[in-house]
2 protein chains.
Amino acid sequence: MTGKSVAFSTVRQSFIDGRDSPRATLERYLERIAAREAEVKAFAALNLDGARKAADESTSRYRAGRPLSAVDGMALGIKDILETEDMPTTFGSPIYEGYRTNRDAAAVYALRAAGGLIVGKTVTTEFAARHPGPTRNPLDLKRTPGGSSSGSAAAVADGMLPAAIGSQVIGSVLRPSSFCGVVGFKPTYGTLNRGGGYDNFSQNCLGVLAATLDDVFLVSHVIAEKAGGDPGCVAFQGGPVPAPAATPTTLGFIETAGWEKASPAAREQLQGFRTWAEKQGVRILDRRSSAPLAAFEAATAEAMAVSSAINAWEFLWPLAAVAKHSAERISASMRERLDYAQKMTDADYQAELARREAMRVAHRALKGHVDALVTLSAPGAAPLGHETTGDPIFNVPATALGAPALSLPLLQVDGLPLGLQLIGQAHEDRALSAVASWALSFAAR
Amino acid sequence: MTGKSVAFSTVRQSFIDGRDSPRATLERYLERIAAREAEVKAFAALNLDGARKAADESTSRYRAGRPLSAVDGMALGIKDILETEDMPTTFGSPIYEGYRTNRDAAAVYALRAAGGLIVGKTVTTEFAARHPGPTRNPLDLKRTPGGSSSGSAAAVADGMLPAAIGSQVIGSVLRPSSFCGVVGFKPTYGTLNRGGGYDNFSQNCLGVLAATLDDVFLVSHVIAEKAGGDPGCVAFQGGPVPAPAATPTTLGFIETAGWEKASPAAREQLQGFRTWAEKQGVRILDRRSSAPLAAFEAATAEAMAVSSAINAWEFLWPLAAVAKHSAERISASMRERLDYAQKMTDADYQAELARREAMRVAHRALKGHVDALVTLSAPGAAPLGHETTGDPIFNVPATALGAPALSLPLLQVDGLPLGLQLIGQAHEDRALSAVASWALSFAAR
């Protein structure tokens with residue numbers, strides 16, 4: 001392992017004072033990749049020569065006392081849903097095998113411009129949807145790493161990389177983070193420029209998976225600083241580091257549609273956090289004690305159905321465009337989605353968008369009522385098998401809301417990690433980070 | 001010429017009753033292309049075999065009494081800013097020479113699925129911005145056709161095609177339509193799916209250029225019906241045909257920032273329309289007679305500066321991503337734009353977005369006050385020379401507003417066409433079409 005739970009700012013200090021170097025640190029990650037990749041299968045492509053060259057340049061900059069940024073020398077993985085100038089971009093589909101676009105996606109451009117070392121493309125499910133890639137959960141190879149940011153979660157969890165980029169349109173950052181035991185962050189919708197990604201879907205959002213809370217904020221900040229947010233949107237304003245820990249006044253525990261699917265052990269874990277929070281003096285609300293929370297839970301009960309319908313319509317094109325010539329190279333689940341979309345009309349889609357907006361209204365009504373919402377990141381530990389990437393039911397509300405959400409690896413079930421999910425108000429990523437910084441002390445209880 | 005001012009519905013009737021066929025009609029367009037393309041240079045690529053094959057299939061469908069849609073058999077050009085499965089997509093840049101993406105953009109997918117014949121890619125300026133392509137104005141080869149939808153306007157104006165797709169982020173549909181004497185339509189922002197286009201900029205909108213008002217509505221309708229709008233947006237609701245002519249109660253004549261640049265002859269032309277409208281019993285307002293119009297004009301006075309800044313920031317990526325390896329293949333004007341963007345921050349961008357929103361508020365205040373806004377589509381006829389594509393100053397307000405705008409070839413200066421521009425309220429494309437249908441009778445005055 002290569003310092004899995006050390007924030008990059010600490011590693012970077014060793015670059016500054018000369019005790020270590022970006023190249024030497026990179027080599028330790030590459031050793032880990034060499035040792036484990038055959039089993040974990042986290043990468044769709046690697047550019048070791050490119051990463052080494054970038055590391056040498058970074059090393060020279062630190063020696064000269066002129067690092068480019070706070071991520072200069074940081075080894076990074078990029079979900080294979082984003083374009084890279086030096087590696088193919090397959091979007092997890094055999095249709096795009098070897099596809100090259102000759103440019104970096106906005107986030108990749110930003111990180112490279114800031115001195116980040118782009119080590120490889122991490123495996124995504126097909127088009128960042130449900131059909132799994134080859135990645136295994138490094139904590140138990142017989143289990144799924146979750147999806148769709150499968151390779152990003154596995155690489156970080158296994159110590160192959162300190163951080164990697166993911167994306168979430170339903171539950172694709174928080175679920176794999178939960179299953180692999182890393183920190184997953186999906187910022188407010190639109191705040192990280194998605195340019196050069198596969199799609200422009202109305203819930204899709206870039207996210208960051210890392211070993212530490214510090215690093216998901218650091219990487220998000222650098223992307224926004226160098227490449228902005230999506231066109232027409234506000235860029236990420238969470239800051240380069242999370243806010244200092246602040247004990248929240250009130251937390252709202254939500255038992256979303258996922259609650260019935262949660263295992264007894266998982267529920268017990270959340271209860272443990274709830275009891276601890278209460279002991280810290282936090283006022284705890286839930287749907288039984290708070291009318292606005294009850295209204296919110298009612299409004300979001302169908303978040304999965306709404307998001308699935310929205311997502312299907314938005315997938316009509318581009319799926320139909322490739323189905324035309326490559327139907328046999330599209331998975332059964334994606335063909336089903338296309339069939340579903342082809343029976344929809346824009347009027348159906350507008351009705352779903354209206355239902356989503358009603359959820360957002362119910363969420364905004366919680367502003368000032370709770371400091372954050374708390375729930376599980378998944379119904380339990382990573383499921384056995386690789387046929388599916390697990391159930392995103394706990395992740396979909398935050399995505400539909402366009403709200404910032406974090407998965408913190410604070411819970412355990414059967415000796416495997418389970419994420420604690422915190423959800424904030426849109427554009428209040430920084431306030432959410434103060435709650436998260438506080439929640440991390442649960443680990444030292 | 002090939003029936004330049006005949007709506008496709010009329011041509012289609014001849015397919016239905018067997019007097020003509022899609023293949024025979026296509027051949028007449030191809031003859032025109034063969035005769036004129038060497039001089040006009042409207043196309044970046046042609047797929048004549050593909051178009052002929054599609055025309056034969058369409059012909060068979062009509063013979064069998066089973067056409068696919070109201071555009072089945074319609075020959076179409078696609079601005080080379082949209083991906084096509086059968087032709088390269090260069091975005092007007094040498095960096096992308098020969099670039100192939102193996103899929104159709106959403107609009108192309110929609111039109112092909114509806115039986116449209118995709119004849120070729122029409123020339124765009126570099127990345128749909130200012131640096132001109134090779135296209136000449138077919139009405140006077142010494143003049144610019146306008147940009148950025150240069151080839152689409154030229155091909156339609158010259159009778160090479162009945163309609164072509166364009167896009168407008170500043171003035172790229174209405175200006176070339178004005179200079180070439182065709183109908184140009186930029187619908188409400190977001191209503192035509194841009195998927196598979198170059199960018200996702202916050203003002204960019206697909207548009208349609210055609211010989212008739214009927215056809216810009218028909219093509220817009222089919223794109224929206226088959227591929228929807230942009231993710232998260234309402235799809236085009238203008239209908240498959242324009243609304244019947246209805247004499248407006250009130251028209252607001254605007255003298256935007258462009259007015260001072262308008263030639264005396266152009267101003268006189270607009271005055272001619274104004275006088276005619278008044279004689280039709282229309283109440284005419286302008287900034288001198290209407291406080292809301294004066295407020296609107298004040299709010300939009302800086303539309304060009306605001307849009308240029310927004311556009312520059314949104315261009316930071318992707319321009320920077322290709323400048324990294326191909327700086328020498330980017331035009332001087334785009335390098336300047338990149339330099340400008342690199343000095344901006346997200347805070348600067350947010351300030352410009354706020355200024356744009358203030359314009360939209362001032363525009364919405366005109367709802368119910370005027371039925372449409374009327375102005376020129378350009379300061380005068382197409383300028384001589386090919387160093388620039390002309391001034392978009394008259395087009396930028398509607399684009400910044402996200403409002404539907406039409407250029408109708410109703411005015412003339414120096415024997416060359418000049419567009420009359422009509423601007424409606426966002427999502428009121430159909431109401432705008434009723435005004436446009438009425439305005440067309442100005443030609444028969």
# chains A, B, ... in the order shown; residues from 1 in each chain; ligands from 1

$ interface_residues --of "chain A" --to "chain B" --cutoff "7 Å" --atoms "only C-alpha atoms" --output "JSON, numbers by chain"
{"A": [103, 104, 106, 109, 200, 201, 202, 227, 228, 231, 232, 234, 235, 314, 317, 318, 321, 322, 346, 350]}

$ write_last_selection --atoms "N, CA and C atoms" --output "compact mmCIF listing (two decimals), in the first residue's frame"
# COMPACT_ATOMS: atom_id res chain seq x y z
N ARG A 103 -7.86 14.77 -27.75
CA ARG A 103 -7.90 15.89 -26.81
C ARG A 103 -8.24 15.35 -25.42
N ASP A 104 -7.93 16.16 -24.42
CA ASP A 104 -8.32 15.86 -23.05
C ASP A 104 -9.69 16.45 -22.76
N ALA A 106 -12.40 18.24 -20.29
CA ALA A 106 -12.15 19.45 -19.50
C ALA A 106 -11.48 19.12 -18.16
N TYR A 109 -7.90 17.98 -18.82
CA TYR A 109 -7.12 19.15 -19.18
C TYR A 109 -6.74 19.93 -17.93
N ASN A 200 -24.36 14.67 -21.92
CA ASN A 200 -24.73 15.93 -21.29
C ASN A 200 -26.07 15.75 -20.58
N PHE A 201 -26.28 14.59 -20.01
CA PHE A 201 -27.56 14.27 -19.39
C PHE A 201 -27.84 15.22 -18.23
N SER A 202 -29.11 15.38 -17.94
CA SER A 202 -29.51 16.45 -17.02
C SER A 202 -29.27 16.14 -15.55
N ALA A 227 -10.98 24.71 -15.29
CA ALA A 227 -11.90 24.46 -16.41
C ALA A 227 -13.33 24.90 -16.12
N GLY A 228 -13.58 25.44 -14.93
CA GLY A 228 -14.91 25.93 -14.63
C GLY A 228 -15.94 24.82 -14.47
N PRO A 231 -21.19 24.69 -18.92
CA PRO A 231 -21.64 25.96 -19.47
C PRO A 231 -22.98 26.39 -18.85
N GLY A 232 -23.03 27.65 -18.45
CA GLY A 232 -24.25 28.19 -17.86
C GLY A 232 -24.40 27.94 -16.37
N VAL A 234 -22.70 27.50 -12.26
CA VAL A 234 -21.70 28.01 -11.32
C VAL A 234 -20.65 26.92 -11.10
N ALA A 235 -19.39 27.30 -11.05
CA ALA A 235 -18.33 26.32 -10.79
C ALA A 235 -18.28 25.97 -9.30
N GLU A 314 -33.06 10.56 -22.25
CA GLU A 314 -31.82 11.25 -22.64
C GLU A 314 -30.85 10.29 -23.34
N TRP A 317 -31.22 9.23 -28.14
CA TRP A 317 -29.95 9.52 -28.75
C TRP A 317 -29.04 9.67 -27.55
N PRO A 318 -27.91 9.13 -27.41
CA PRO A 318 -27.01 8.57 -28.43
C PRO A 318 -27.13 7.07 -28.67
N ALA A 321 -28.30 6.06 -32.13
CA ALA A 321 -27.34 6.37 -33.19
C ALA A 321 -26.32 5.25 -33.39
N VAL A 322 -25.94 4.57 -32.31
CA VAL A 322 -24.98 3.46 -32.47
C VAL A 322 -25.69 2.12 -32.65
N ASP A 346 -41.65 13.42 -25.80
CA ASP A 346 -41.14 14.55 -25.02
C ASP A 346 -42.13 14.93 -23.92
N GLN A 350 -41.22 15.51 -20.13
CA GLN A 350 -41.51 16.75 -19.39
C GLN A 350 -42.23 16.45 -18.07

$ calpha_fit_rmsd --fixed "chain B" --moving "chain A"
0.0 Å

$ residues_around --residues "Gly159 in chain A" --least-positions-apart "4" --cutoff "12 Å" --atoms "only C-alpha atoms" --output "PyMOL selection string"
chain A and resi 1-6+25-26+28-37+40+42+75-77+138-139+152-155+163-164+180-182+210-212

$ select_by_dssp --residues "range 294-396 of chain B" --states "strand (DSSP E or B)" --output "ChimeraX atom specification"
/B:367,370,372-376,384

$ residues_around --residues "Ala257 in chain B" --least-positions-apart "6" --cutoff "10 Å" --atoms "only C-alpha atoms" --output "JSON list (two decimals) with N, CA and C atoms, in the first residue's frame"
[["chain", "number", "residue", "atom", "x", "y", "z"],
["B", 297, "GLU", "N", -34.15, 47.83, -24.40],
["B", 297, "GLU", "CA", -33.01, 48.24, -25.23],
["B", 297, "GLU", "C", -31.80, 48.60, -24.37],
["B", 298, "ALA", "N", -32.08, 49.24, -23.25],
["B", 298, "ALA", "CA", -30.96, 49.58, -22.35],
["B", 298, "ALA", "C", -30.33, 48.31, -21.81],
["B", 300, "THR", "N", -30.19, 45.38, -23.14],
["B", 300, "THR", "CA", -29.50, 44.55, -24.13],
["B", 300, "THR", "C", -28.41, 45.30, -24.89],
["B", 301, "ALA", "N", -28.18, 46.55, -24.51],
["B", 301, "ALA", "CA", -27.21, 47.37, -25.25],
["B", 301, "ALA", "C", -25.83, 46.71, -25.29],
["B", 302, "GLU", "N", -25.50, 46.00, -24.21],
["B", 302, "GLU", "CA", -24.18, 45.37, -24.13],
["B", 302, "GLU", "C", -24.23, 43.86, -24.44],
["B", 303, "ALA", "N", -25.27, 43.45, -25.16],
["B", 303, "ALA", "CA", -25.43, 42.02, -25.42],
["B", 303, "ALA", "C", -24.20, 41.40, -26.08],
["B", 304, "MET", "N", -23.56, 42.15, -26.98],
["B", 304, "MET", "CA", -22.40, 41.58, -27.66],
["B", 304, "MET", "C", -21.24, 41.38, -26.70],
["B", 393, "ILE", "N", -24.00, 41.87, -34.89],
["B", 393, "ILE", "CA", -24.52, 42.75, -33.84],
["B", 393, "ILE", "C", -26.05, 42.70, -33.72],
["B", 394, "PHE", "N", -26.74, 42.51, -34.85],
["B", 394, "PHE", "CA", -28.21, 42.47, -34.79],
["B", 394, "PHE", "C", -28.74, 41.11, -34.29],
["B", 396, "VAL", "N", -27.18, 39.05, -31.92],
["B", 396, "VAL", "CA", -26.77, 38.60, -30.59],
["B", 396, "VAL", "C", -27.85, 38.77, -29.51],
["B", 397, "PRO", "N", -28.71, 39.81, -29.57],
["B", 397, "PRO", "CA", -29.70, 39.90, -28.49],
["B", 397, "PRO", "C", -30.59, 38.66, -28.39]]

$ atom_distance --atom1 "CA of Ser149 in chain A" --atom2 "CA of Val173 in chain A"
5.9 Å

$ closest_residue --among "A:Ala24, A:Ala436, A:Val413, A:Val241" --to "Pro379 in chain A" --atoms "only C-alpha atoms"
A:Val413

$ atom_distance --atom1 "CA of Ala434 in chain B" --atom2 "CA of Pro404 in chain B"
12.8 Å

$ residues_around --residues "Leu410 in chain A" --least-positions-apart "2" --cutoff "10 Å" --atoms "only C-alpha atoms" --output "PyMOL selection string"
chain A and resi 178+181-183+269-270+273+407-408+412+417-421+439-444

$ write_last_selection --atoms "C-alpha atoms" --output "compact mmCIF listing (two decimals), in the first residue's frame"
# COMPACT_ATOMS: atom_id res chain seq x y z
CA SER A 178 -19.29 2.59 -0.42
CA GLY A 181 -14.37 1.77 1.28
CA VAL A 182 -13.18 5.06 -0.16
CA VAL A 183 -14.45 8.63 0.05
CA GLN A 269 -24.74 0.56 11.50
CA LEU A 270 -26.65 3.71 10.64
CA PHE A 273 -23.96 6.65 13.89
CA SER A 407 -19.95 8.80 0.94
CA LEU A 408 -17.63 8.38 3.91
CA GLN A 412 -18.82 -1.87 8.29
CA PRO A 417 -17.02 -1.30 4.22
CA LEU A 418 -20.29 0.53 3.95
CA GLY A 419 -20.57 4.23 3.28
CA LEU A 420 -22.26 6.82 5.43
CA GLN A 421 -23.98 9.22 3.05
CA ALA A 439 -18.55 12.99 11.00
CA LEU A 440 -15.07 11.60 10.38
CA SER A 441 -14.44 11.68 14.13
CA PHE A 442 -17.01 8.88 14.38
CA ALA A 443 -14.17 6.58 13.27
CA ALA A 444 -12.24 7.42 16.45

$ closest_residue --among "A:Leu384, A:Leu251, A:Leu218, A:Ala44" --to "Gly92 in chain A" --atoms "only C-alpha atoms"
A:Ala44

$ closest_residue --among "B:Ser331, B:Thr125, B:Ser307, B:Ser60" --to "Ile81 in chain B" --atoms "only C-alpha atoms"
B:Thr125

$ atom_distance --atom1 "CA of Ser377 in chain B" --atom2 "CA of Ser263 in chain B"
12.4 Å

$ residues_around --residues "Glu126 in chain B" --least-positions-apart "4" --cutoff "10 Å" --atoms "only C-alpha atoms" --output "PyMOL selection string"
chain B and resi 80-81+90-95+130-133+147-148+330-331+333-334

$ write_last_selection --atoms "N, CA and C atoms" --output "PDB file, in the first residue's frame"
ATOM      1  N   ASP B  80     -21.093  21.314 -40.674  1.00  0.00           N
ATOM      2  CA  ASP B  80     -19.981  20.433 -40.314  1.00  0.00           C
ATOM      3  C   ASP B  80     -19.525  20.616 -38.863  1.00  0.00           C
ATOM      4  N   ILE B  81     -20.474  20.994 -38.037  1.00  0.00           N
ATOM      5  CA  ILE B  81     -20.238  21.086 -36.598  1.00  0.00           C
ATOM      6  C   ILE B  81     -20.955  19.928 -35.901  1.00  0.00           C
ATOM      7  N   THR B  90     -15.309  17.959 -39.224  1.00  0.00           N
ATOM      8  CA  THR B  90     -14.074  18.709 -38.982  1.00  0.00           C
ATOM      9  C   THR B  90     -14.264  19.900 -38.051  1.00  0.00           C
ATOM     10  N   PHE B  91     -15.493  20.287 -37.746  1.00  0.00           N
ATOM     11  CA  PHE B  91     -15.759  21.485 -36.940  1.00  0.00           C
ATOM     12  C   PHE B  91     -15.096  22.719 -37.566  1.00  0.00           C
ATOM     13  N   GLY B  92     -14.815  22.639 -38.870  1.00  0.00           N
ATOM     14  CA  GLY B  92     -14.200  23.771 -39.547  1.00  0.00           C
ATOM     15  C   GLY B  92     -12.756  24.020 -39.175  1.00  0.00           C
ATOM     16  N   SER B  93     -12.125  23.040 -38.551  1.00  0.00           N
ATOM     17  CA  SER B  93     -10.743  23.214 -38.098  1.00  0.00           C
ATOM     18  C   SER B  93      -9.822  22.192 -38.748  1.00  0.00           C
ATOM     19  N   PRO B  94      -8.631  22.645 -39.190  1.00  0.00           N
ATOM     20  CA  PRO B  94      -7.687  21.671 -39.767  1.00  0.00           C
ATOM     21  C   PRO B  94      -7.249  20.622 -38.744  1.00  0.00           C
ATOM     22  N   ILE B  95      -7.412  20.942 -37.470  1.00  0.00           N
ATOM     23  CA  ILE B  95      -7.030  19.980 -36.423  1.00  0.00           C
ATOM     24  C   ILE B  95      -7.858  18.700 -36.554  1.00  0.00           C
ATOM     25  N   ARG B 130     -15.483  32.784 -35.606  1.00  0.00           N
ATOM     26  CA  ARG B 130     -15.352  33.859 -36.593  1.00  0.00           C
ATOM     27  C   ARG B 130     -14.493  33.559 -37.820  1.00  0.00           C
ATOM     28  N   HIS B 131     -13.511  32.673 -37.664  1.00  0.00           N
ATOM     29  CA  HIS B 131     -12.566  32.467 -38.769  1.00  0.00           C
ATOM     30  C   HIS B 131     -13.260  31.785 -39.948  1.00  0.00           C
ATOM     31  N   PRO B 132     -13.292  32.459 -41.113  1.00  0.00           N
ATOM     32  CA  PRO B 132     -14.126  31.982 -42.223  1.00  0.00           C
ATOM     33  C   PRO B 132     -13.634  30.688 -42.861  1.00  0.00           C
ATOM     34  N   GLY B 133     -14.560  29.954 -43.426  1.00  0.00           N
ATOM     35  CA  GLY B 133     -14.242  28.841 -44.310  1.00  0.00           C
ATOM     36  C   GLY B 133     -14.179  29.340 -45.743  1.00  0.00           C
ATOM     37  N   GLY B 147     -21.536  33.894 -41.593  1.00  0.00           N
ATOM     38  CA  GLY B 147     -21.120  32.714 -40.846  1.00  0.00           C
ATOM     39  C   GLY B 147     -21.853  32.652 -39.545  1.00  0.00           C
ATOM     40  N   SER B 148     -21.681  31.592 -38.767  1.00  0.00           N
ATOM     41  CA  SER B 148     -20.818  30.493 -39.063  1.00  0.00           C
ATOM     42  C   SER B 148     -21.458  29.416 -39.916  1.00  0.00           C
ATOM     43  N   ILE B 330      -4.602  26.720 -35.029  1.00  0.00           N
ATOM     44  CA  ILE B 330      -5.743  27.493 -34.544  1.00  0.00           C
ATOM     45  C   ILE B 330      -5.609  28.895 -35.112  1.00  0.00           C
ATOM     46  N   SER B 331      -6.709  29.481 -35.556  1.00  0.00           N
ATOM     47  CA  SER B 331      -6.643  30.806 -36.178  1.00  0.00           C
ATOM     48  C   SER B 331      -6.235  31.856 -35.156  1.00  0.00           C
ATOM     49  N   SER B 333      -7.739  34.604 -34.525  1.00  0.00           N
ATOM     50  CA  SER B 333      -8.882  35.105 -33.752  1.00  0.00           C
ATOM     51  C   SER B 333      -9.241  34.150 -32.613  1.00  0.00           C
ATOM     52  N   MET B 334      -9.076  32.853 -32.840  1.00  0.00           N
ATOM     53  CA  MET B 334      -9.374  31.909 -31.768  1.00  0.00           C
ATOM     54  C   MET B 334      -8.283  31.926 -30.699  1.00  0.00           C
TER      55      MET B 334
END

$ closest_residue --among "B:Ala114, B:Leu401, B:Val222, B:Ala291" --to "Gly424 in chain B" --atoms "only C-alpha atoms"
B:Leu401

$ closest_residue --among "A:Glu260, A:Leu366, A:Phe43, A:Gly190" --to "Val156 in chain A" --atoms "only C-alpha atoms"
A:Phe43

$ decode --residues "range 201-266 of chain A" --atoms "C-alpha atoms" --output "mmCIF file, in the first residue's frame"
data_model
loop_
_atom_site.group_PDB
_atom_site.id
_atom_site.type_symbol
_atom_site.label_atom_id
_atom_site.label_comp_id
_atom_site.auth_asym_id
_atom_site.auth_seq_id
_atom_site.Cartn_x
_atom_site.Cartn_y
_atom_site.Cartn_z
ATOM 1 C CA PHE A 201 -27.558 14.268 -19.393
ATOM 2 C CA SER A 202 -29.512 16.451 -17.025
ATOM 3 C CA GLN A 203 -28.431 14.627 -13.846
ATOM 4 C CA ASN A 204 -24.924 13.616 -14.832
ATOM 5 C CA CYS A 205 -22.177 15.081 -12.717
ATOM 6 C CA LEU A 206 -18.464 14.477 -12.433
ATOM 7 C CA GLY A 207 -17.272 13.295 -9.045
ATOM 8 C CA VAL A 208 -14.064 12.402 -7.263
ATOM 9 C CA LEU A 209 -13.121 9.207 -5.434
ATOM 10 C CA ALA A 210 -10.152 9.340 -3.075
ATOM 11 C CA ALA A 211 -8.705 7.898 0.091
ATOM 12 C CA THR A 212 -9.401 11.101 2.017
ATOM 13 C CA LEU A 213 -12.031 13.801 2.299
ATOM 14 C CA ASP A 214 -9.285 16.366 1.795
ATOM 15 C CA ASP A 215 -8.419 14.947 -1.591
ATOM 16 C CA VAL A 216 -11.920 14.858 -3.044
ATOM 17 C CA PHE A 217 -12.187 18.562 -2.287
ATOM 18 C CA LEU A 218 -8.696 19.319 -3.564
ATOM 19 C CA VAL A 219 -9.267 17.611 -6.908
ATOM 20 C CA SER A 220 -12.743 19.118 -7.348
ATOM 21 C CA HIS A 221 -11.372 22.556 -6.624
ATOM 22 C CA VAL A 222 -8.588 22.270 -9.189
ATOM 23 C CA ILE A 223 -10.937 21.052 -11.934
ATOM 24 C CA ALA A 224 -13.262 24.002 -11.318
ATOM 25 C CA GLU A 225 -10.427 26.482 -11.047
ATOM 26 C CA LYS A 226 -8.860 25.506 -14.363
ATOM 27 C CA ALA A 227 -11.901 24.458 -16.408
ATOM 28 C CA GLY A 228 -14.915 25.929 -14.628
ATOM 29 C CA GLY A 229 -18.292 24.280 -14.333
ATOM 30 C CA ASP A 230 -20.651 23.182 -17.065
ATOM 31 C CA PRO A 231 -21.642 25.962 -19.472
ATOM 32 C CA GLY A 232 -24.255 28.193 -17.865
ATOM 33 C CA CYS A 233 -23.570 26.803 -14.381
ATOM 34 C CA VAL A 234 -21.702 28.009 -11.317
ATOM 35 C CA ALA A 235 -18.328 26.321 -10.789
ATOM 36 C CA PHE A 236 -17.530 24.327 -7.641
ATOM 37 C CA GLN A 237 -17.174 26.617 -4.648
ATOM 38 C CA GLY A 238 -16.425 24.095 -1.922
ATOM 39 C CA GLY A 239 -12.873 25.323 -1.530
ATOM 40 C CA PRO A 240 -9.509 23.557 -1.925
ATOM 41 C CA VAL A 241 -9.849 21.900 1.469
ATOM 42 C CA PRO A 242 -12.946 20.839 3.386
ATOM 43 C CA ALA A 243 -14.244 23.235 6.018
ATOM 44 C CA PRO A 244 -13.081 22.553 9.582
ATOM 45 C CA ALA A 245 -15.211 20.126 11.558
ATOM 46 C CA ALA A 246 -18.320 21.723 12.998
ATOM 47 C CA THR A 247 -20.834 19.801 15.054
ATOM 48 C CA PRO A 248 -24.137 20.192 13.227
ATOM 49 C CA THR A 249 -27.120 21.554 15.085
ATOM 50 C CA THR A 250 -29.614 19.280 13.368
ATOM 51 C CA LEU A 251 -29.295 16.240 11.120
ATOM 52 C CA GLY A 252 -32.154 14.712 9.163
ATOM 53 C CA PHE A 253 -32.008 10.931 8.949
ATOM 54 C CA ILE A 254 -33.725 9.762 5.813
ATOM 55 C CA GLU A 255 -35.097 6.356 5.184
ATOM 56 C CA THR A 256 -35.550 6.596 1.480
ATOM 57 C CA ALA A 257 -37.129 4.035 -0.766
ATOM 58 C CA GLY A 258 -33.894 2.152 -0.164
ATOM 59 C CA TRP A 259 -34.549 1.628 3.507
ATOM 60 C CA GLU A 260 -36.679 -1.466 2.952
ATOM 61 C CA LYS A 261 -33.834 -2.965 0.954
ATOM 62 C CA ALA A 262 -31.205 -2.220 3.585
ATOM 63 C CA SER A 263 -29.918 -5.260 5.469
ATOM 64 C CA PRO A 264 -30.554 -5.404 9.229
ATOM 65 C CA ALA A 265 -26.807 -5.102 9.812
ATOM 66 C CA ALA A 266 -26.658 -2.000 7.610
#
